[in-house]
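A.B. asks: Input file: entry_30.cif. Contents: mmCIF, C-alpha atoms.
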```
data_final
loop_
_atom_site.label_atom_id
_atom_site.label_comp_id
_atom_site.auth_asym_id
_atom_site.auth_seq_id
_atom_site.Cartn_x
_atom_site.Cartn_y
_atom_site.Cartn_z
CA GLN A 1 0.00 0.00 0.00
CA LEU A 2 1.56 3.26 -1.15
CA GLY A 3 0.64 6.64 0.26
CA GLY A 4 -0.83 8.13 -2.90
CA ALA A 5 -2.40 7.49 -6.29
CA ILE A 6 -0.31 5.86 -9.05
CA PRO A 7 -1.15 7.62 -12.35
CA GLY A 8 1.89 6.46 -14.34
CA VAL A 9 2.89 3.04 -15.64
CA PRO A 10 5.54 1.40 -13.40
CA ALA A 11 8.86 0.20 -14.82
CA LEU A 12 9.85 -3.44 -14.40
CA GLY A 13 13.47 -4.32 -13.66
CA GLU A 14 15.31 -7.44 -12.56
CA GLY A 15 13.22 -8.60 -9.62
CA GLN A 16 11.84 -5.14 -8.84
CA LEU A 17 8.95 -2.91 -9.88
CA TYR A 18 9.57 0.86 -9.81
CA ILE A 19 6.53 2.97 -9.02
CA GLY A 20 6.02 6.74 -8.81
CA SER A 21 3.08 8.10 -6.85
CA PHE A 22 1.22 11.14 -5.55
CA ASP A 23 2.99 10.48 -2.26
CA SER A 24 5.91 12.42 -3.82
CA ALA A 25 8.14 9.37 -3.92
CA MET A 26 9.66 6.73 -6.16
CA VAL A 27 9.32 3.25 -4.67
CA ALA A 28 10.98 -0.06 -5.57
CA VAL A 29 8.87 -3.14 -4.81
CA ASN A 30 10.35 -6.63 -4.73
CA THR A 31 8.33 -8.70 -7.20
CA ALA A 32 8.96 -11.95 -5.31
CA ASP A 33 7.07 -11.01 -2.15
CA GLY A 34 5.72 -7.46 -2.59
CA SER A 35 8.01 -5.97 0.05
CA ILE A 36 9.42 -2.45 -0.29
CA ALA A 37 13.09 -2.48 -1.33
CA TRP A 38 13.57 1.28 -1.05
CA THR A 39 11.69 4.57 -1.11
CA THR A 40 13.12 7.81 -2.48
CA PRO A 41 11.23 11.01 -1.54
CA VAL A 42 11.13 13.74 -4.21
CA GLU A 43 9.88 17.32 -4.28
CA SER A 44 6.38 16.75 -5.67
CA TRP A 45 3.90 14.26 -7.11
CA VAL A 46 5.25 11.81 -9.67
CA TRP A 47 2.65 11.74 -12.44
CA GLY A 48 4.40 9.95 -15.29
CA GLY A 49 6.02 6.55 -15.02
CA PRO A 50 9.77 6.11 -14.69
CA ALA A 51 11.98 4.90 -17.52
CA LEU A 52 14.66 2.32 -16.74
CA ASP A 53 17.95 2.21 -18.62
CA GLY A 54 20.41 -0.33 -17.25
CA ASP A 55 20.74 0.45 -13.55
CA THR A 56 19.36 4.00 -13.76
CA LEU A 57 15.80 5.29 -13.46
CA TYR A 58 14.70 8.56 -15.07
CA PHE A 59 11.52 10.43 -14.15
CA GLY A 60 10.09 13.87 -13.39
CA ASP A 61 7.70 15.43 -10.90
CA LEU A 62 4.99 18.09 -10.94
CA ASP A 63 7.35 20.67 -9.45
CA GLY A 64 9.40 20.44 -12.64
CA ASN A 65 12.33 18.40 -11.33
CA PHE A 66 13.86 15.69 -13.50
CA TYR A 67 15.73 12.92 -11.68
CA SER A 68 18.19 10.15 -12.41
CA VAL A 69 18.14 7.54 -9.63
CA ASN A 70 20.21 4.45 -8.91
CA ALA A 71 17.79 1.56 -9.41
CA ALA A 72 19.66 -0.66 -6.95
CA ASP A 73 19.26 1.51 -3.83
CA GLY A 74 17.21 4.60 -4.78
CA THR A 75 20.08 7.07 -4.43
CA ILE A 76 19.52 10.25 -6.46
CA ILE A 77 22.39 10.46 -8.93
CA ASP A 78 21.45 13.80 -10.43
CA SER A 79 18.54 16.20 -10.76
CA SER A 80 17.72 19.27 -12.81
CA LYS A 81 14.83 21.69 -13.07
CA PRO A 82 13.88 22.72 -16.62
CA ASP A 83 10.93 24.98 -17.46
CA GLY A 84 7.80 23.38 -16.06
CA PRO A 85 5.93 20.39 -14.60
CA ILE A 86 6.80 16.97 -16.00
CA LEU A 87 3.77 14.70 -16.43
CA ALA A 88 4.91 12.16 -19.02
CA THR A 89 7.17 9.12 -19.00
CA PRO A 90 10.61 9.73 -20.59
CA LEU A 91 11.79 7.94 -23.73
CA PHE A 92 15.18 6.52 -24.74
CA LEU A 93 16.07 7.31 -28.35
CA ASN A 94 19.47 7.20 -30.07
CA GLY A 95 21.33 7.09 -26.76
CA GLN A 96 19.45 10.08 -25.34
CA VAL A 97 16.80 10.45 -22.64
CA ILE A 98 13.92 12.44 -24.15
CA PHE A 99 11.37 14.10 -21.90
CA VAL A 100 8.78 16.86 -22.19
CA THR A 101 7.37 19.53 -19.91
CA GLU A 102 3.82 20.81 -19.59
CA ASN A 103 5.03 24.15 -20.97
CA GLY A 104 5.61 22.55 -24.37
CA THR A 105 9.39 22.05 -24.35
CA VAL A 106 11.05 18.87 -25.61
CA TYR A 107 14.34 18.08 -23.85
CA SER A 108 17.21 15.75 -24.68
CA LEU A 109 19.47 14.51 -21.89
CA THR A 110 22.82 12.80 -22.27
CA PRO A 111 23.30 10.84 -19.03
CA GLY A 112 25.64 12.75 -16.73
CA GLU A 113 25.06 16.10 -18.46
CA ASN A 114 22.47 18.88 -18.25
CA PRO A 115 19.24 18.61 -20.31
CA GLN A 116 19.21 20.49 -23.61
CA SER A 117 16.10 22.00 -25.16
CA MET A 118 15.35 20.41 -28.54
CA GLU A 119 12.18 22.29 -29.49
CA LYS A 120 9.52 24.54 -27.96
CA LEU A 121 6.05 23.61 -29.23
CA ASP A 122 2.78 25.48 -29.10
CA GLY A 123 0.42 23.87 -26.58
CA LYS A 124 0.84 21.78 -23.46
CA LEU A 125 2.55 18.40 -23.32
CA TYR A 126 0.83 15.81 -21.15
CA THR A 127 1.69 12.63 -23.06
CA ALA A 128 4.91 10.72 -23.52
CA PRO A 129 7.04 11.15 -26.66
CA VAL A 130 6.98 8.12 -28.95
CA ALA A 131 9.70 6.79 -31.28
CA ALA A 132 8.83 5.97 -34.89
CA GLY A 133 12.02 4.85 -36.58
CA ASN A 134 14.37 7.83 -36.33
CA LEU A 135 11.51 10.24 -35.71
CA LEU A 136 10.15 11.49 -32.42
CA LEU A 137 6.34 11.87 -32.24
CA ILE A 138 4.92 14.57 -29.97
CA ALA A 139 1.20 15.23 -29.42
CA PRO A 140 0.55 18.74 -28.05
CA PHE A 141 -2.69 19.58 -26.25
CA GLN A 142 -4.58 22.72 -27.29
CA GLY A 143 -1.78 23.76 -29.61
CA GLU A 144 -1.46 24.68 -33.26
CA PHE A 145 -0.76 21.09 -34.33
CA LEU A 146 -2.33 17.76 -33.51
CA LEU A 147 0.92 15.87 -34.11
CA VAL A 148 4.54 16.93 -34.53
CA ALA A 149 7.35 14.67 -35.74
CA LEU A 150 10.90 15.76 -34.89
CA ASP A 151 14.10 14.42 -36.43
CA ARG A 152 17.26 13.45 -34.54
CA ILE A 153 18.34 17.04 -33.94
CA GLY A 154 14.90 18.31 -32.99
CA GLU A 155 13.91 19.84 -36.33
CA PRO A 156 10.27 19.32 -37.39
CA ALA A 157 10.06 16.60 -40.06
CA PHE A 158 6.33 17.08 -40.57
CA VAL A 159 3.26 18.27 -38.71
CA SER A 160 -0.45 17.48 -38.79
CA ARG A 161 -3.23 19.94 -38.11
CA GLY A 162 -5.78 17.07 -38.07
CA GLU A 163 -9.31 17.51 -36.81
CA VAL A 164 -10.74 15.78 -33.76
CA ALA A 165 -14.25 16.49 -32.53
CA GLU A 166 -13.49 20.04 -31.28
CA ALA A 167 -10.95 22.33 -32.89
CA GLU A 168 -9.78 23.71 -29.55
CA SER A 169 -9.10 20.24 -28.19
CA GLY A 170 -6.05 18.05 -28.51
CA LEU A 171 -4.53 14.75 -27.51
CA LEU A 172 -4.53 13.26 -24.03
CA VAL A 173 -3.10 9.89 -25.08
CA GLU A 174 0.24 9.04 -26.64
CA PRO A 175 0.59 8.85 -30.42
CA THR A 176 0.74 5.35 -31.86
CA ALA A 177 3.26 4.41 -34.54
CA VAL A 178 2.18 1.47 -36.69
CA GLY A 179 4.48 0.78 -39.59
CA GLU A 180 4.72 3.65 -42.03
CA PRO A 181 3.19 6.20 -42.07
CA LEU A 182 1.73 6.96 -38.64
CA ALA A 183 -1.35 6.96 -36.43
CA VAL A 184 -2.42 8.97 -33.42
CA GLY A 185 -4.93 8.59 -30.57
CA GLY A 186 -7.99 10.65 -29.74
CA ASP A 187 -8.58 13.64 -27.49
CA GLY A 188 -9.80 11.56 -24.55
CA GLY A 189 -13.28 12.98 -24.61
CA ALA A 190 -15.18 12.62 -27.85
CA GLU A 191 -15.42 10.50 -30.96
CA GLY A 192 -13.23 11.38 -33.90
CA ARG A 193 -12.23 10.05 -37.29
CA ALA A 194 -8.92 9.25 -38.93
CA VAL A 195 -8.33 9.04 -42.65
CA ALA A 196 -5.52 7.74 -44.81
CA ARG A 197 -3.82 10.22 -47.08
CA GLY A 198 -1.66 8.95 -49.88
CA HIS A 199 -1.20 9.00 -53.60
CA GLY A 200 -4.51 7.21 -54.00
CA GLY A 201 -6.54 9.85 -52.19
CA GLU A 202 -8.02 9.46 -48.73
CA ARG A 203 -10.09 6.80 -47.03
CA PRO A 204 -11.15 6.11 -43.45
CA VAL A 205 -8.99 3.47 -41.80
CA LEU A 206 -9.90 3.71 -38.13
CA THR A 207 -12.24 5.34 -35.67
CA VAL A 208 -11.12 7.10 -32.51
CA VAL A 209 -13.53 6.32 -29.70
CA ARG A 210 -12.65 8.24 -26.55
CA ASP A 211 -8.97 7.42 -26.03
CA GLU A 212 -8.67 4.19 -28.00
CA LEU A 213 -7.86 3.47 -31.61
CA VAL A 214 -10.20 1.07 -33.42
CA LEU A 215 -8.45 -0.42 -36.43
CA ARG A 216 -10.67 -0.72 -39.48
CA GLU A 217 -8.20 -2.13 -41.97
CA ASP A 218 -4.74 -3.66 -41.96
CA ARG A 219 -2.85 -0.38 -42.07
CA VAL A 220 -3.07 2.65 -39.81
CA VAL A 221 -1.88 6.00 -41.07
CA LEU A 222 -1.82 9.70 -40.30
CA PRO A 223 -5.06 10.80 -38.61
CA GLY A 224 -7.37 13.76 -39.01
CA THR A 225 -7.46 15.86 -42.16
CA GLY A 226 -3.89 17.13 -41.90
CA ALA A 227 -1.60 15.79 -44.58
CA ARG A 228 1.67 14.04 -43.96
CA ARG A 229 4.57 16.19 -45.06
CA GLU A 230 7.96 14.92 -46.10
CA PRO A 231 10.92 17.07 -44.96
CA GLY A 232 11.07 20.00 -47.35
CA GLY A 233 8.30 18.57 -49.49
CA ALA A 234 4.64 19.08 -50.23
CA PRO A 235 1.76 17.30 -48.48
CA ILE A 236 1.02 13.82 -49.86
#
```
Could you spell out this file's structure in structure tokens?

C.D. replies:
Amino acid sequence: QLGGAIPGVPALGEGQLYIGSFDSAMVAVNTADGSIAWTTPVESWVWGGPALDGDTLYFGDLDGNFYSVNAADGTIIDSSKPDGPILATPLFLNGQVIFVTENGTVYSLTPGENPQSMEKLDGKLYTAPVAAGNLLLIAPFQGEFLLVALDRIGEPAFVSRGEVAEAESGLLVEPTAVGEPLAVGGDGGAEGRAVARGHGGERPVLTVVRDELVLREDRVVLPGTGARREPGGAPI
């Protein structure tokens, strides 16, 4: 029994489960018997789940602190405070730890160094970044774009202005990458529609019902009415 709600997905390691909670702590639970291996207090609620890389955990809190913690004993290795609350689980991509803040900033962290801002997006970021090949998918909430894809250095590869139920809404679930091109979830509140856009025109391929994707055919592609855009190219 932990002292607060657990909104994020725990990380599973070798014999231990790592859980962040609204008790402002990261906790390691022994999977064999459910006992607490260690508890590390932090400054505020831990909303997103931790990410485990080797023997190091990475996670943020609602006070805007980003932590690296020794998974063996819970010792805080390093911490930094970027530009706002951190609500989403980090991502490992190309040897970097990628995380986002509510204020719309995408950060890249080389372990042992300070986080570097990759891109500042319009809108709030509540969902985790997702890897799609060498691209990084970001889904802003109440921003200019429904979906943003960044390349390795943080430059926009393409964007989608798609339409979901209400124009002022946005995404409250992570994007979903299925093959090539891409798919994205709904706004968490209303029904929406996704269409395929390609050289053969457009056709519905799935329906977004609340926060789940319902596959209609064997391929899932870019949602909404926004077109996929190749780097430097025209919509297709």

A.B. asks: On this structure, the PyMOL selection byres ((chain A and resi 7) around 12) would catch which residues? List them as a VMD selection string, sorted by chain and number.

C.D. replies: chain A and resid 4 to 6 8 to 10 19 to 23 45 to 50 61 87 to 89

A.B. asks: Rounded to one decimal in Å, what is the spacing between CA of Asn70 in chain A and CA of Ile138 in chain A?

C.D. replies: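 Taking CA of Asn70 in chain A and CA of Ile138 in chain A, their separation equals 27.9 Å.
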
A.B. asks: I need the residue nearest Asn134 in chain A from this list: A:Ala28, A:Val148, A:Ala157, A:Leu12. Use only C-alpha atoms for the distance.

C.D. replies: A:Ala157

A.B. asks: Using only C-alpha atoms, which of the listed residues (A:Leu125, A:Ala72, A:Ala32, A:Val42) sits closest to Glu102 in chain A?

C.D. replies: A:Leu125

A.B. asks: Evaluate the PyMOL selection byres ((chain A and resi 41) around 6) against this structure - the residues, as a PDB file with C-alpha atoms, in the frame of the given file, please.

C.D. replies:
```pdb
ATOM      1  CA  SER A  24       5.910  12.420  -3.820  1.00  0.00           C
ATOM      2  CA  ALA A  25       8.140   9.370  -3.920  1.00  0.00           C
ATOM      3  CA  THR A  40      13.120   7.810  -2.480  1.00  0.00           C
ATOM      4  CA  VAL A  42      11.130  13.740  -4.210  1.00  0.00           C
TER       5      VAL A  42
END
```

A.B. asks: Could you check which of A:Asp55, A:Glu119, A:Asp83, A:Glu43 is closest to Asn103 in chain A, using all atoms listed in the file?

C.D. replies: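 So, comparing all the options, the nearest one is A:Asp83.
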
A.B. asks: Separation of CA of Phe92 in chain A and CA of Asp73 in chain A, in Å?

C.D. replies: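 It comes out at 21.9 Å.
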
A.B. asks: Translate the PyMOL selection byres ((chain A and resi 100) around 12), as applied to the file shown, into an explicit residue set as a compact mmCIF listing (two decimals) with C-alpha atoms, keeping the file's coordinate frame.

C.D. replies:
```txt
# COMPACT_ATOMS: atom_id res chain seq x y z
CA GLY A 48 4.40 9.95 -15.29
CA PHE A 59 11.52 10.43 -14.15
CA GLY A 60 10.09 13.87 -13.39
CA ASP A 61 7.70 15.43 -10.90
CA LEU A 62 4.99 18.09 -10.94
CA GLY A 64 9.40 20.44 -12.64
CA ASN A 65 12.33 18.40 -11.33
CA PHE A 66 13.86 15.69 -13.50
CA LYS A 81 14.83 21.69 -13.07
CA PRO A 82 13.88 22.72 -16.62
CA ASP A 83 10.93 24.98 -17.46
CA GLY A 84 7.80 23.38 -16.06
CA PRO A 85 5.93 20.39 -14.60
CA ILE A 86 6.80 16.97 -16.00
CA LEU A 87 3.77 14.70 -16.43
CA ALA A 88 4.91 12.16 -19.02
CA THR A 89 7.17 9.12 -19.00
CA PRO A 90 10.61 9.73 -20.59
CA LEU A 91 11.79 7.94 -23.73
CA VAL A 97 16.80 10.45 -22.64
CA ILE A 98 13.92 12.44 -24.15
CA PHE A 99 11.37 14.10 -21.90
CA THR A 101 7.37 19.53 -19.91
CA GLU A 102 3.82 20.81 -19.59
CA ASN A 103 5.03 24.15 -20.97
CA GLY A 104 5.61 22.55 -24.37
CA THR A 105 9.39 22.05 -24.35
CA VAL A 106 11.05 18.87 -25.61
CA TYR A 107 14.34 18.08 -23.85
CA SER A 108 17.21 15.75 -24.68
CA LEU A 109 19.47 14.51 -21.89
CA PRO A 115 19.24 18.61 -20.31
CA GLN A 116 19.21 20.49 -23.61
CA SER A 117 16.10 22.00 -25.16
CA MET A 118 15.35 20.41 -28.54
CA GLU A 119 12.18 22.29 -29.49
CA LYS A 120 9.52 24.54 -27.96
CA LEU A 121 6.05 23.61 -29.23
CA GLY A 123 0.42 23.87 -26.58
CA LYS A 124 0.84 21.78 -23.46
CA LEU A 125 2.55 18.40 -23.32
CA TYR A 126 0.83 15.81 -21.15
CA THR A 127 1.69 12.63 -23.06
CA ALA A 128 4.91 10.72 -23.52
CA PRO A 129 7.04 11.15 -26.66
CA VAL A 130 6.98 8.12 -28.95
CA LEU A 136 10.15 11.49 -32.42
CA LEU A 137 6.34 11.87 -32.24
CA ILE A 138 4.92 14.57 -29.97
CA ALA A 139 1.20 15.23 -29.42
CA PRO A 140 0.55 18.74 -28.05
```

A.B. asks: Looking at A:Asn30, A:Asn114, A:Gln16, A:Asn94, which one is nearest to Gly133 in chain A, with distances taken over all atoms listed in the file?

C.D. replies: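 Ranking A:Asn30, A:Asn114, A:Gln16, A:Asn94 by distance to Gly133 in chain A, first place goes to A:Asn94.
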
A.B. asks: Given the choices A:Asp122, A:Phe145, A:Thr31, A:Glu113, which gets closest to Tyr67 in chain A if the distance is worked out from all atoms listed in the file?

C.D. replies: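 The answer is A:Glu113, which sits nearest to Tyr67 in chain A.
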
A.B. asks: Suppose you want the space between CA of Met26 in chain A and CA of Gly74 in chain A; what is it in Å?

C.D. replies: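 Interatomic distance, CA of Met26 in chain A to CA of Gly74 in chain A: 8.0 Å.
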
A.B. asks: Smallest atom-to-atom distance to Gly54 in chain A: which of A:Gly13, A:Val27, A:Gly34, A:Gly95, using all atoms listed in the file?

C.D. replies: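 That would be A:Gly13, the residue with the smallest distance to Gly54 in chain A.
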